>>> print(open('upload_37.cif').read())   # mmCIF, C-alpha atoms
data_my_file
loop_
_atom_site.label_atom_id
_atom_site.label_comp_id
_atom_site.auth_asym_id
_atom_site.auth_seq_id
_atom_site.Cartn_x
_atom_site.Cartn_y
_atom_site.Cartn_z
CA MET A 1 22.91 50.56 -71.66
CA PRO A 2 23.38 47.77 -69.07
CA GLN A 3 20.41 46.92 -66.89
CA TYR A 4 22.47 47.07 -63.69
CA GLN A 5 24.20 50.34 -62.77
CA GLN A 6 26.43 50.52 -59.73
CA PRO A 7 24.90 52.61 -56.95
CA PRO A 8 27.14 55.28 -55.45
CA SER A 9 27.36 53.40 -52.16
CA TRP A 10 26.15 50.29 -50.32
CA ARG A 11 25.16 50.15 -46.64
CA LEU A 12 26.09 46.90 -44.95
CA GLU A 13 23.89 45.75 -42.09
CA GLY A 14 25.30 45.40 -38.61
CA GLY A 15 27.72 48.33 -38.33
CA GLY A 16 25.98 50.82 -40.60
CA GLN A 17 29.22 51.40 -42.61
CA ILE A 18 28.88 52.97 -46.09
CA LEU A 19 31.17 51.44 -48.74
CA ASP A 20 31.62 52.13 -52.42
CA LEU A 21 32.03 49.17 -54.76
CA GLU A 22 35.80 49.55 -55.18
CA THR A 23 36.35 49.51 -51.40
CA ALA A 24 33.94 46.59 -50.98
CA VAL A 25 35.84 44.45 -53.51
CA LYS A 26 39.23 45.44 -52.08
CA ASP A 27 38.17 44.57 -48.53
CA GLY A 28 36.76 41.22 -49.61
CA ILE A 29 33.16 42.02 -48.63
CA LEU A 30 31.99 41.22 -52.15
CA GLY A 31 34.15 38.11 -52.39
CA GLY A 32 37.14 39.90 -53.84
CA GLY A 33 40.48 39.87 -52.01
CA GLY A 34 40.91 38.94 -48.45
CA GLY A 35 38.77 40.72 -45.87
CA GLY A 36 36.62 39.62 -43.04
CA GLY A 37 33.29 40.54 -44.61
CA GLY A 38 33.00 37.33 -46.61
CA LEU A 39 31.46 34.09 -45.46
CA GLY A 40 33.52 30.95 -45.06
CA GLY A 41 35.99 29.07 -42.91
CA ALA A 42 39.46 30.01 -41.75
CA ALA A 43 40.78 29.65 -45.28
CA GLY A 44 38.28 32.28 -46.52
CA GLU A 45 36.42 29.91 -48.83
CA LYS A 46 33.11 31.26 -49.99
CA VAL A 47 29.90 29.32 -49.42
CA ASP A 48 28.26 28.36 -52.69
CA LEU A 49 25.61 30.94 -53.64
CA LYS A 50 23.12 28.33 -54.81
CA LYS A 51 23.51 26.46 -51.51
CA MET A 52 22.86 29.65 -49.52
CA ILE A 53 19.69 30.48 -51.49
CA GLU A 54 18.35 26.92 -51.11
CA GLU A 55 19.02 26.75 -47.35
CA LEU A 56 17.73 30.21 -46.49
CA GLU A 57 14.15 30.58 -45.38
CA PRO A 58 12.14 32.65 -47.93
CA VAL A 59 13.51 36.20 -48.08
CA GLU A 60 10.99 38.86 -49.08
CA ASP A 61 13.22 41.91 -49.55
CA VAL A 62 15.57 40.61 -52.26
CA PRO A 63 16.63 43.61 -54.41
CA SER A 64 14.83 43.49 -57.76
CA VAL A 65 18.15 43.80 -59.63
CA PHE A 66 19.10 40.36 -58.25
CA ILE A 67 16.00 38.71 -59.73
CA CYS A 68 16.00 37.01 -63.14
CA PRO A 69 13.20 38.54 -65.28
CA ILE A 70 12.42 35.09 -66.73
CA SER A 71 12.17 32.86 -63.64
CA LEU A 72 11.55 35.65 -61.07
CA GLU A 73 14.07 33.84 -58.84
CA PRO A 74 17.40 35.18 -57.51
CA MET A 75 20.22 34.78 -60.02
CA VAL A 76 23.13 32.45 -59.29
CA ASP A 77 25.03 32.90 -62.56
CA PRO A 78 23.97 36.28 -64.05
CA VAL A 79 24.87 36.98 -67.67
CA THR A 80 24.19 40.08 -69.76
CA LEU A 81 22.93 40.27 -73.36
CA CYS A 82 23.98 42.78 -75.97
CA THR A 83 20.84 44.78 -75.09
CA GLY A 84 22.18 45.35 -71.56
CA GLN A 85 19.55 43.13 -69.89
CA THR A 86 20.78 40.58 -67.35
CA TYR A 87 19.37 37.06 -66.84
CA GLU A 88 20.19 33.79 -65.12
CA ARG A 89 22.46 31.92 -67.55
CA SER A 90 20.41 28.70 -67.76
CA ASN A 91 17.17 30.61 -68.34
CA ILE A 92 18.42 32.82 -71.17
CA LEU A 93 20.26 29.93 -72.85
CA LYS A 94 17.01 27.94 -72.81
CA TRP A 95 15.21 30.95 -74.34
CA LEU A 96 17.79 31.20 -77.12
CA SER A 97 17.79 27.44 -77.74
CA MET A 98 14.06 27.63 -78.47
CA GLY A 99 14.84 29.78 -81.51
CA HIS A 100 14.05 33.18 -80.02
CA LEU A 101 16.23 35.95 -81.45
CA THR A 102 14.93 38.70 -79.18
CA CYS A 103 15.59 39.99 -75.67
CA PRO A 104 12.79 38.64 -73.42
CA THR A 105 12.44 41.91 -71.49
CA THR A 106 12.66 44.55 -74.22
CA MET A 107 11.77 42.30 -77.20
CA GLN A 108 14.60 44.00 -79.11
CA GLU A 109 16.13 41.90 -81.88
CA LEU A 110 19.53 40.55 -80.83
CA TRP A 111 22.39 41.58 -83.10
CA ASP A 112 24.70 39.30 -81.11
CA ASP A 113 23.59 36.17 -79.22
CA ALA A 114 26.68 36.04 -76.98
CA VAL A 115 26.16 36.18 -73.22
CA THR A 116 28.66 37.95 -70.96
CA PRO A 117 29.12 36.97 -67.29
CA ASN A 118 28.12 39.87 -65.04
CA ARG A 119 30.77 39.32 -62.37
CA THR A 120 30.11 42.56 -60.49
CA LEU A 121 26.45 41.73 -60.06
CA HIS A 122 27.35 38.18 -59.04
CA GLN A 123 29.62 39.56 -56.29
CA LEU A 124 26.87 41.85 -55.04
CA ILE A 125 24.33 39.01 -54.98
CA HIS A 126 26.80 36.77 -53.15
CA ALA A 127 27.58 39.47 -50.57
CA TRP A 128 23.91 40.25 -49.94
CA PHE A 129 22.94 36.60 -49.47
CA SER A 130 26.08 35.99 -47.36
CA GLN A 131 24.93 38.54 -44.83
CA HIS A 132 21.46 36.98 -44.62
CA TYR A 133 22.95 33.48 -44.49
CA LEU A 134 25.21 34.40 -41.57
CA ARG A 135 22.28 35.79 -39.60
CA PHE A 136 20.19 32.74 -40.53
CA LYS A 137 22.89 30.31 -39.32
CA LYS A 138 23.38 32.23 -36.08
CA ARG A 139 19.62 32.33 -35.48
CA SER A 140 19.41 28.59 -36.15
CA GLU A 141 22.20 27.87 -33.68
CA ASP A 142 20.56 30.11 -31.07
CA VAL A 143 17.09 28.56 -31.40
CA GLN A 144 18.50 25.03 -31.48
CA GLY A 145 20.34 25.74 -28.24
CA ARG A 146 17.23 27.20 -26.66
CA ALA A 147 15.14 24.23 -27.86
CA ALA A 148 17.62 21.86 -26.20
CA GLU A 149 17.32 23.87 -22.97
CA LEU A 150 13.52 23.65 -23.07
CA LEU A 151 13.66 19.89 -23.59
CA GLU A 152 15.95 19.58 -20.55
CA ILE A 153 13.45 21.62 -18.52
CA LEU A 154 10.64 19.29 -19.59
CA LYS A 155 12.73 16.21 -18.78
CA LYS A 156 13.02 17.47 -15.21
CA LYS A 157 9.23 17.02 -15.02
CA VAL A 158 8.43 20.62 -14.15
CA LYS A 159 4.74 21.06 -13.49
CA GLY A 160 1.99 23.61 -13.73
CA GLN A 161 2.43 26.88 -15.60
CA ALA A 162 6.19 26.37 -16.01
CA ARG A 163 5.54 23.24 -18.09
CA VAL A 164 2.88 24.99 -20.19
CA GLN A 165 5.18 27.97 -20.87
CA ALA A 166 8.06 25.71 -21.88
CA LEU A 167 5.79 23.83 -24.29
CA LYS A 168 4.39 27.08 -25.72
CA GLU A 169 7.86 28.41 -26.45
CA LEU A 170 8.98 25.11 -27.95
CA GLN A 171 5.91 24.96 -30.18
CA LYS A 172 6.63 28.41 -31.63
CA MET A 173 10.19 27.35 -32.39
CA VAL A 174 9.13 24.10 -34.04
CA VAL A 175 6.58 25.90 -36.23
CA ASN A 176 8.96 28.69 -37.30
CA HIS A 177 12.31 26.87 -37.57
CA SER A 178 12.77 23.59 -39.42
CA SER A 179 16.17 23.15 -37.75
CA VAL A 180 14.45 22.89 -34.35
CA GLN A 181 12.34 19.98 -35.60
CA LYS A 182 15.53 17.97 -36.09
CA THR A 183 16.83 19.04 -32.67
CA VAL A 184 13.66 17.82 -30.97
CA ALA A 185 13.74 14.50 -32.83
CA ASP A 186 17.48 13.90 -32.19
CA SER A 187 17.17 14.77 -28.49
CA GLY A 188 14.45 12.25 -27.72
CA GLY A 189 11.86 15.01 -27.65
CA ILE A 190 9.17 13.05 -29.49
CA ALA A 191 9.02 10.27 -26.89
CA LEU A 192 9.08 12.92 -24.16
CA LEU A 193 6.14 14.80 -25.66
CA ILE A 194 4.13 11.61 -26.14
CA SER A 195 4.74 10.65 -22.51
CA LEU A 196 3.05 13.90 -21.44
CA LEU A 197 -0.26 12.72 -22.94
CA GLY A 198 -2.43 10.58 -20.69
CA PRO A 199 -5.64 10.36 -18.69
CA PHE A 200 -4.49 12.94 -16.12
CA THR A 201 -3.01 15.44 -18.60
CA SER A 202 -4.51 18.92 -18.44
CA HIS A 203 -5.86 20.33 -21.69
CA ALA A 204 -3.37 23.20 -21.48
CA VAL A 205 -0.41 20.78 -21.54
CA GLY A 206 -2.04 18.41 -24.03
CA SER A 207 -2.87 21.20 -26.46
CA GLU A 208 0.73 22.45 -26.60
CA ALA A 209 2.22 18.95 -26.84
CA ILE A 210 -0.06 18.00 -29.74
CA GLY A 211 0.66 21.34 -31.42
CA ILE A 212 4.34 20.34 -31.45
CA LEU A 213 3.83 16.70 -32.49
CA VAL A 214 1.78 17.54 -35.61
CA ASN A 215 4.74 19.57 -36.90
CA LEU A 216 7.24 16.70 -36.53
CA SER A 217 7.94 13.59 -38.59
CA LEU A 218 6.77 10.68 -36.46
CA ASP A 219 8.08 7.14 -36.97
CA SER A 220 6.01 3.96 -36.60
CA GLU A 221 6.99 3.48 -32.96
CA ALA A 222 5.76 6.96 -32.06
CA MET A 223 2.53 6.45 -34.01
CA VAL A 224 1.78 3.15 -32.26
CA ASN A 225 2.49 4.77 -28.90
CA LEU A 226 0.02 7.55 -29.69
CA MET A 227 -2.70 5.00 -30.51
CA GLN A 228 -3.00 3.93 -26.87
CA PRO A 229 -6.65 4.30 -25.74
CA ALA A 230 -5.84 6.80 -22.96
CA LYS A 231 -4.01 9.09 -25.40
CA ILE A 232 -6.74 8.85 -28.06
CA SER A 233 -9.35 9.61 -25.41
CA LEU A 234 -7.48 12.79 -24.44
CA VAL A 235 -7.23 13.86 -28.10
CA VAL A 236 -10.98 13.32 -28.61
CA ASP A 237 -11.78 15.33 -25.44
CA MET A 238 -9.65 18.24 -26.66
CA LEU A 239 -11.20 18.04 -30.14
CA ASN A 240 -14.58 18.58 -28.47
CA GLU A 241 -13.61 21.19 -25.89
CA GLY A 242 -10.40 22.95 -27.01
CA THR A 243 -9.77 26.20 -28.86
CA ILE A 244 -10.13 26.21 -32.64
CA ASP A 245 -6.34 25.79 -33.08
CA THR A 246 -6.36 22.84 -30.68
CA LYS A 247 -9.26 21.24 -32.53
CA ILE A 248 -7.49 21.60 -35.87
CA ASN A 249 -4.28 20.11 -34.45
CA CYS A 250 -6.24 17.18 -33.02
CA THR A 251 -7.73 16.43 -36.45
CA ARG A 252 -4.26 16.64 -37.99
CA LEU A 253 -2.86 14.20 -35.42
CA ILE A 254 -5.64 11.66 -35.96
CA GLU A 255 -5.20 11.95 -39.72
CA MET A 256 -1.47 11.28 -39.30
CA LEU A 257 -2.26 8.18 -37.23
CA MET A 258 -4.69 6.91 -39.86
CA GLY A 259 -1.83 6.81 -42.35
CA GLU A 260 0.07 4.30 -40.20
CA LYS A 261 -0.10 0.68 -41.39
CA ASP A 262 -1.00 -0.60 -37.89
CA PHE A 263 -3.97 1.75 -37.59
CA ARG A 264 -7.28 0.10 -36.62
CA SER A 265 -10.69 1.51 -37.47
CA GLU A 266 -11.78 0.94 -33.84
CA ILE A 267 -9.66 3.96 -32.90
CA VAL A 268 -12.04 6.31 -34.75
CA SER A 269 -15.21 4.34 -33.94
CA SER A 270 -16.16 6.84 -31.29
CA LEU A 271 -19.49 8.66 -31.24
CA SER A 272 -17.84 11.47 -29.29
CA LEU A 273 -15.17 11.89 -31.99
CA LEU A 274 -17.69 11.87 -34.85
CA ALA A 275 -20.02 14.31 -33.05
CA GLY A 276 -17.05 16.62 -32.41
CA LEU A 277 -16.06 16.52 -36.07
CA MET A 278 -19.59 17.42 -37.14
CA ARG A 279 -19.59 20.43 -34.79
CA LEU A 280 -16.26 21.52 -36.20
CA ALA A 281 -17.43 21.09 -39.81
CA LYS A 282 -20.52 23.23 -39.15
CA ASP A 283 -18.63 26.08 -37.46
CA ARG A 284 -18.92 28.87 -40.03
CA ARG A 285 -16.83 31.24 -37.91
CA HIS A 286 -13.68 29.25 -38.68
CA PRO A 287 -13.40 28.08 -42.34
CA SER A 288 -10.05 26.40 -41.63
CA GLY A 289 -11.69 24.40 -38.86
CA SER A 290 -14.56 23.38 -41.15
CA TRP A 291 -12.11 22.12 -43.73
CA ALA A 292 -10.08 20.21 -41.10
CA GLY A 293 -13.21 18.54 -39.72
CA LEU A 294 -14.50 17.57 -43.17
CA SER A 295 -11.07 16.34 -44.27
CA LEU A 296 -10.78 13.96 -41.31
CA LEU A 297 -14.40 12.85 -41.72
CA LYS A 298 -13.65 12.00 -45.36
CA THR A 299 -10.60 9.97 -44.32
CA ILE A 300 -12.66 8.12 -41.70
CA CYS A 301 -15.30 7.36 -44.36
CA SER A 302 -12.70 5.30 -46.22
CA HIS A 303 -13.22 2.70 -43.46
CA GLU A 304 -16.52 1.06 -44.40
CA ARG A 305 -17.09 -0.26 -40.88
CA VAL A 306 -17.36 3.28 -39.49
CA ARG A 307 -19.85 4.63 -42.06
CA GLY A 308 -22.87 3.34 -40.15
CA LEU A 309 -21.71 5.19 -37.03
CA ILE A 310 -21.34 8.42 -39.02
CA VAL A 311 -24.92 8.06 -40.22
CA SER A 312 -26.11 7.33 -36.67
CA VAL A 313 -24.88 10.72 -35.37
CA GLY A 314 -27.15 12.47 -37.88
CA ALA A 315 -24.31 13.44 -40.21
CA VAL A 316 -26.27 13.04 -43.46
CA SER A 317 -28.94 15.68 -42.90
CA GLN A 318 -26.42 18.08 -41.31
CA LEU A 319 -24.03 17.77 -44.25
CA VAL A 320 -26.80 18.16 -46.81
CA GLU A 321 -27.91 21.40 -45.13
CA LEU A 322 -24.33 22.72 -45.36
CA LEU A 323 -24.09 22.29 -49.15
CA PRO A 324 -25.42 25.69 -50.30
CA ASN A 325 -22.98 27.70 -48.15
CA LEU A 326 -19.65 25.90 -48.59
CA SER A 327 -16.51 26.93 -50.45
CA GLN A 328 -15.61 24.77 -53.43
CA GLU A 329 -12.86 23.00 -51.47
CA CYS A 330 -15.21 22.11 -48.61
CA LEU A 331 -18.07 21.38 -51.00
CA GLU A 332 -16.16 18.64 -52.80
CA LEU A 333 -15.16 17.06 -49.48
CA THR A 334 -18.78 17.12 -48.26
CA LEU A 335 -20.11 15.58 -51.47
CA GLN A 336 -17.45 12.87 -51.28
CA ILE A 337 -18.54 12.02 -47.73
CA LEU A 338 -22.22 11.87 -48.73
CA ASP A 339 -21.34 9.75 -51.76
CA ASP A 340 -19.42 7.32 -49.51
CA LEU A 341 -22.37 7.16 -47.09
CA SER A 342 -24.74 6.44 -49.97
CA THR A 343 -23.00 3.09 -50.45
CA ILE A 344 -24.60 1.65 -47.29
CA PRO A 345 -28.36 1.04 -46.86
CA GLU A 346 -28.80 3.31 -43.82
CA GLY A 347 -26.93 6.09 -45.65
CA ARG A 348 -29.27 5.87 -48.65
CA VAL A 349 -32.33 5.93 -46.40
CA ALA A 350 -31.01 8.98 -44.54
CA LEU A 351 -30.39 10.76 -47.86
CA LYS A 352 -33.90 9.91 -49.08
CA ASP A 353 -35.50 11.09 -45.84
CA CYS A 354 -33.71 14.45 -45.88
CA PRO A 355 -35.99 16.91 -47.77
CA GLN A 356 -33.04 19.03 -48.97
CA THR A 357 -31.04 16.19 -50.56
CA ILE A 358 -32.64 16.29 -54.01
CA PRO A 359 -32.95 20.09 -54.52
CA ASN A 360 -29.43 20.78 -53.18
CA ALA A 361 -27.85 18.01 -55.28
CA VAL A 362 -29.73 19.04 -58.45
CA ARG A 363 -28.63 22.63 -57.96
CA LEU A 364 -24.96 21.58 -57.94
CA LEU A 365 -25.06 19.72 -61.27
CA MET A 366 -22.96 21.52 -63.92
CA ARG A 367 -22.46 24.44 -61.56
CA VAL A 368 -19.17 24.15 -59.66
CA SER A 369 -16.83 21.52 -61.11
CA GLU A 370 -16.94 18.17 -62.86
CA SER A 371 -16.01 16.46 -59.57
CA CYS A 372 -18.97 18.07 -57.80
CA THR A 373 -21.24 17.08 -60.68
CA GLN A 374 -19.97 13.51 -60.47
CA TYR A 375 -20.59 13.18 -56.71
CA ALA A 376 -23.98 14.94 -56.85
CA LEU A 377 -25.06 12.67 -59.71
CA SER A 378 -23.98 9.58 -57.79
CA ILE A 379 -25.99 10.71 -54.74
CA LEU A 380 -29.08 11.39 -56.87
CA TRP A 381 -28.76 8.00 -58.53
CA ALA A 382 -28.59 6.25 -55.14
CA VAL A 383 -31.70 8.06 -53.88
CA CYS A 384 -33.79 7.69 -57.07
CA LYS A 385 -32.83 4.04 -57.40
CA LEU A 386 -33.91 3.41 -53.80
CA ALA A 387 -37.37 4.96 -54.22
CA PRO A 388 -38.00 5.71 -57.92
CA ASP A 389 -41.73 6.43 -57.58
CA GLU A 390 -41.21 8.96 -54.81
CA CYS A 391 -37.80 10.49 -55.52
CA ALA A 392 -37.63 10.49 -59.33
CA SER A 393 -40.66 12.73 -59.67
CA LEU A 394 -39.34 15.08 -56.96
CA ALA A 395 -36.02 15.28 -58.82
CA VAL A 396 -37.71 16.05 -62.14
CA GLU A 397 -39.78 18.79 -60.51
CA ALA A 398 -36.53 20.22 -59.10
CA GLY A 399 -35.16 20.51 -62.65
CA LEU A 400 -33.08 17.34 -62.81
CA ALA A 401 -34.08 16.36 -66.37
CA ALA A 402 -32.85 19.62 -67.86
CA LYS A 403 -29.58 19.39 -65.90
CA LEU A 404 -29.02 15.79 -67.08
CA LEU A 405 -29.45 16.87 -70.70
CA LEU A 406 -26.81 19.54 -70.11
CA VAL A 407 -24.39 16.93 -68.76
CA ILE A 408 -25.02 14.67 -71.78
CA GLN A 409 -24.33 17.58 -74.16
CA SER A 410 -21.25 18.79 -72.26
CA GLY A 411 -17.59 17.85 -72.43
CA CYS A 412 -17.81 15.71 -69.30
CA SER A 413 -16.35 12.18 -69.18
CA PRO A 414 -18.14 9.34 -71.03
CA GLU A 415 -18.84 7.61 -67.70
CA LEU A 416 -20.60 10.72 -66.40
CA LYS A 417 -22.67 11.03 -69.56
CA GLN A 418 -23.63 7.36 -69.37
CA ARG A 419 -24.78 7.68 -65.75
CA SER A 420 -26.77 10.82 -66.70
CA ALA A 421 -28.50 8.93 -69.51
CA GLU A 422 -29.37 6.06 -67.16
CA LEU A 423 -30.78 8.46 -64.54
CA LEU A 424 -32.73 10.34 -67.20
CA LYS A 425 -34.30 7.05 -68.32
CA LEU A 426 -35.16 6.15 -64.73
CA CYS A 427 -36.82 9.53 -64.18
CA SER A 428 -38.91 9.25 -67.37
CA LEU A 429 -40.67 6.04 -66.33
CA ASN A 430 -43.43 7.85 -64.41
CA TYR A 431 -44.29 10.24 -67.25
CA THR A 432 -45.80 10.11 -70.73
CA ALA A 433 -43.38 11.10 -73.49
CA THR A 434 -45.09 14.45 -74.08
CA LEU A 435 -45.21 15.38 -70.41
CA PHE A 436 -41.60 14.35 -69.81
CA ILE A 437 -40.38 16.43 -72.74
CA SER A 438 -42.15 19.44 -71.26
CA LYS A 439 -40.48 18.73 -67.91
CA CYS A 440 -37.09 18.75 -69.60
CA LYS A 441 -37.57 22.43 -70.48
CA LEU A 442 -35.72 21.89 -73.74
CA THR A 443 -35.86 25.51 -74.85
CA ARG A 444 -34.28 26.68 -71.60
CA THR A 445 -31.70 23.88 -71.74
CA ILE A 446 -30.60 24.83 -75.27
CA GLN A 447 -30.23 28.45 -74.18
#
>>> encode(input="upload_37.cif", output="structure tokens")
Amino acid sequence: MPQYQQPPSWRLEGGGQILDLETAVKDGILGGGGGGGGLGGAAGEKVDLKKMIEELEPVEDVPSVFICPISLEPMVDPVTLCTGQTYERSNILKWLSMGHLTCPTTMQELWDDAVTPNRTLHQLIHAWFSQHYLRFKKRSEDVQGRAAELLEILKKKVKGQARVQALKELQKMVVNHSSVQKTVADSGGIALLISLLGPFTSHAVGSEAIGILVNLSLDSEAMVNLMQPAKISLVVDMLNEGTIDTKINCTRLIEMLMGEKDFRSEIVSSLSLLAGLMRLAKDRRHPSGSWAGLSLLKTICSHERVRGLIVSVGAVSQLVELLPNLSQECLELTLQILDDLSTIPEGRVALKDCPQTIPNAVRLLMRVSESCTQYALSILWAVCKLAPDECASLAVEAGLAAKLLLVIQSGCSPELKQRSAELLKLCSLNYTATLFISKCKLTRTIQ
């Protein structure tokens, strides 16, 4: 029994006409004879099915009969086995080449390993995707034309609410249609949008313009233009005062600029910027904003000259206090930032002076991931090395010795085990052997 059985009729979108398969093939709608239902040029050439699937935006309502049971992707070259099950040719041939003598779906033993092209199903798949492809191409042409109109409106230097509305509409198009991104770039839209940013730009206009720019591919010239002090100042102001979406887009734009070869650390050496990022990172109402703030802060930390400024805005104690309540993704970013700050003297002092540093870091050892364990261990090493008499004993009382023994016995990297052994030795210096062994809580550790 074949997997695919022809339905009694098919409804084609647009005119609501009901067609049986024989009529559909005869009229050319399924790529058969001649009709006007196919997709192609004047000569009636069909567009390649694989090309249509690749160019189409993700389609959610693909009929299940069009999906290969192996790859769960639409089939381009469907073939049927002797069991009646249909698969994408390349997928089933790979299955058979691996020595399998069964049908992947039913697990029936194959009495014949031949594959038969399912031409009827191929025609139906082609027709279905042709309809969607036609609508997609028409939509693309429509939105590209509208995007060009909006750019012309902006070039006429309209002001006030008309400018904001034009930018809002353009931003939605850029976000939802990749074809519009090319239209904006090819029409000189990037330079136009950058020119809108300046010391007298309202936040309403700036927010929309930046929302568009972060969704475009910017060349070096555009990046350098955006690094002008007046434009950076506007971005920092909006990062501090804008909506959550505006703040996230501002962090994305600065991160894009930091990837440019001509970027200078002075651009992010702003107390206002760093304070704004800390507020964003601590905003528990918006997890996506927290991640964006922490991500940019981590990127800024890669510039050693800025680390002292980050410490000076009180970042260390604020980040340490965040540790117990962060998602794993944000937790790793935060630990990375603290680890980077521990490489400078003022960072180590700030970590030592924060009462939550040791207990929060000890708690994270062997609890979340090996990366978190690595960063937490590095932070603890920096603090205990700075003030062994004061901090080592606090760490042992917080349960550090037992956690270090767990790391040494685990499957962690040799470097991590070595650092654990060194920290364990440092912590033991203030104790007699008997007392230190009792502090290690060996029975609990073994359990």
>>> resolve_selection(input="upload_37.cif", expression="the PyMOL selection byres ((chain A and resi 72-85) around 7)", output="list in words")
Met1, Pro2, Gln3, Leu49, Lys50, Phe66, Ile67, Cys68, Pro69, Ile70, Ser71, Thr86, Tyr87, Glu88, Arg89, Leu110, Asp112, Ala114, Val115, Thr116, Pro117, Asn118 and His122 of chain A
>>> resolve_selection(input="upload_37.cif", expression="the PyMOL selection byres ((chain A and resi 165) around 12)", output="list in words")
Leu150, Ile153, Leu154, Val158, Lys159, Gly160, Gln161, Ala162, Arg163, Val164, Ala166, Leu167, Lys168, Glu169, Leu170, Gln171, Lys172, Ala204, Val205, Ser207, Glu208 and Ala209 of chain A
>>> residues_around(input="upload_37.cif", residues="segment 175-185 of chain A", least_positions_apart="6", cutoff="12 Å", atoms="all atoms listed in the file", output="PyMOL selection string")
chain A and resi 55-58+136-152+154+167-169+191-193+208+211-219+222
>>> write_last_selection(input="upload_37.cif", atoms="C-alpha atoms", output="short mmCIF file (atom, residue, chain, number, x, y, z; two decimals), in the coordinates of the input")
data_model
loop_
_atom_site.label_atom_id
_atom_site.label_comp_id
_atom_site.auth_asym_id
_atom_site.auth_seq_id
_atom_site.Cartn_x
_atom_site.Cartn_y
_atom_site.Cartn_z
CA GLU A 55 19.02 26.75 -47.35
CA LEU A 56 17.73 30.21 -46.49
CA GLU A 57 14.15 30.58 -45.38
CA PRO A 58 12.14 32.65 -47.93
CA PHE A 136 20.19 32.74 -40.53
CA LYS A 137 22.89 30.31 -39.32
CA LYS A 138 23.38 32.23 -36.08
CA ARG A 139 19.62 32.33 -35.48
CA SER A 140 19.41 28.59 -36.15
CA GLU A 141 22.20 27.87 -33.68
CA ASP A 142 20.56 30.11 -31.07
CA VAL A 143 17.09 28.56 -31.40
CA GLN A 144 18.50 25.03 -31.48
CA GLY A 145 20.34 25.74 -28.24
CA ARG A 146 17.23 27.20 -26.66
CA ALA A 147 15.14 24.23 -27.86
CA ALA A 148 17.62 21.86 -26.20
CA GLU A 149 17.32 23.87 -22.97
CA LEU A 150 13.52 23.65 -23.07
CA LEU A 151 13.66 19.89 -23.59
CA GLU A 152 15.95 19.58 -20.55
CA LEU A 154 10.64 19.29 -19.59
CA LEU A 167 5.79 23.83 -24.29
CA LYS A 168 4.39 27.08 -25.72
CA GLU A 169 7.86 28.41 -26.45
CA ALA A 191 9.02 10.27 -26.89
CA LEU A 192 9.08 12.92 -24.16
CA LEU A 193 6.14 14.80 -25.66
CA GLU A 208 0.73 22.45 -26.60
CA GLY A 211 0.66 21.34 -31.42
CA ILE A 212 4.34 20.34 -31.45
CA LEU A 213 3.83 16.70 -32.49
CA VAL A 214 1.78 17.54 -35.61
CA ASN A 215 4.74 19.57 -36.90
CA LEU A 216 7.24 16.70 -36.53
CA SER A 217 7.94 13.59 -38.59
CA LEU A 218 6.77 10.68 -36.46
CA ASP A 219 8.08 7.14 -36.97
CA ALA A 222 5.76 6.96 -32.06
#
>>> atom_distance(input="upload_37.cif", atom1="atom CA of Ile337 of chain A", atom2="atom CA of Leu239 of chain A")
20.0 Å
>>> closest_atom_pairs(input="upload_37.cif", of="segment 224-268 of chain A", to="segment 286-295 of chain A", cutoff="9 Å", atoms="all atoms listed in the file", output="JSON lines")
{"residue": "A:Ile244", "atom": "CA", "partner": "A:Gly289", "partner_atom": "CA", "distance": 6.7}
{"residue": "A:Asp245", "atom": "CA", "partner": "A:Gly289", "partner_atom": "CA", "distance": 8.0}
{"residue": "A:Lys247", "atom": "CA", "partner": "A:Gly289", "partner_atom": "CA", "distance": 7.5}
{"residue": "A:Ile248", "atom": "CA", "partner": "A:Gly289", "partner_atom": "CA", "distance": 5.9}
{"residue": "A:Asn249", "atom": "CA", "partner": "A:Ala292", "partner_atom": "CA", "distance": 8.8}
{"residue": "A:Thr251", "atom": "CA", "partner": "A:Ala292", "partner_atom": "CA", "distance": 6.4}
{"residue": "A:Arg252", "atom": "CA", "partner": "A:Ala292", "partner_atom": "CA", "distance": 7.5}
{"residue": "A:Glu255", "atom": "CA", "partner": "A:Ser295", "partner_atom": "CA", "distance": 8.6}
>>> atom_distance(input="upload_37.cif", atom1="atom CA of Thr106 of chain A", atom2="atom CA of Ile125 of chain A")
23.2 Å
>>> atom_distance(input="upload_37.cif", atom1="atom CA of Ser302 of chain A", atom2="atom CA of Ile254 of chain A")
14.0 Å
>>> build_atoms(input="upload_37.cif", residues="segment 70-74 of chain A", atoms="N, CA and C atoms", output="short mmCIF file (atom, residue, chain, number, x, y, z; two decimals), in the coordinates of the input")
data_model
loop_
_atom_site.label_atom_id
_atom_site.label_comp_id
_atom_site.auth_asym_id
_atom_site.auth_seq_id
_atom_site.Cartn_x
_atom_site.Cartn_y
_atom_site.Cartn_z
N ILE A 70 13.10 36.25 -66.14
CA ILE A 70 12.42 35.09 -66.73
C ILE A 70 11.82 34.21 -65.64
N SER A 71 12.64 33.80 -64.67
CA SER A 71 12.17 32.86 -63.64
C SER A 71 11.61 33.56 -62.41
N LEU A 72 11.92 34.88 -62.26
CA LEU A 72 11.55 35.65 -61.07
C LEU A 72 12.16 35.07 -59.81
N GLU A 73 13.31 34.39 -59.96
CA GLU A 73 14.07 33.84 -58.84
C GLU A 73 15.43 34.54 -58.78
N PRO A 74 16.08 34.57 -57.59
CA PRO A 74 17.40 35.18 -57.51
C PRO A 74 18.38 34.50 -58.46
#
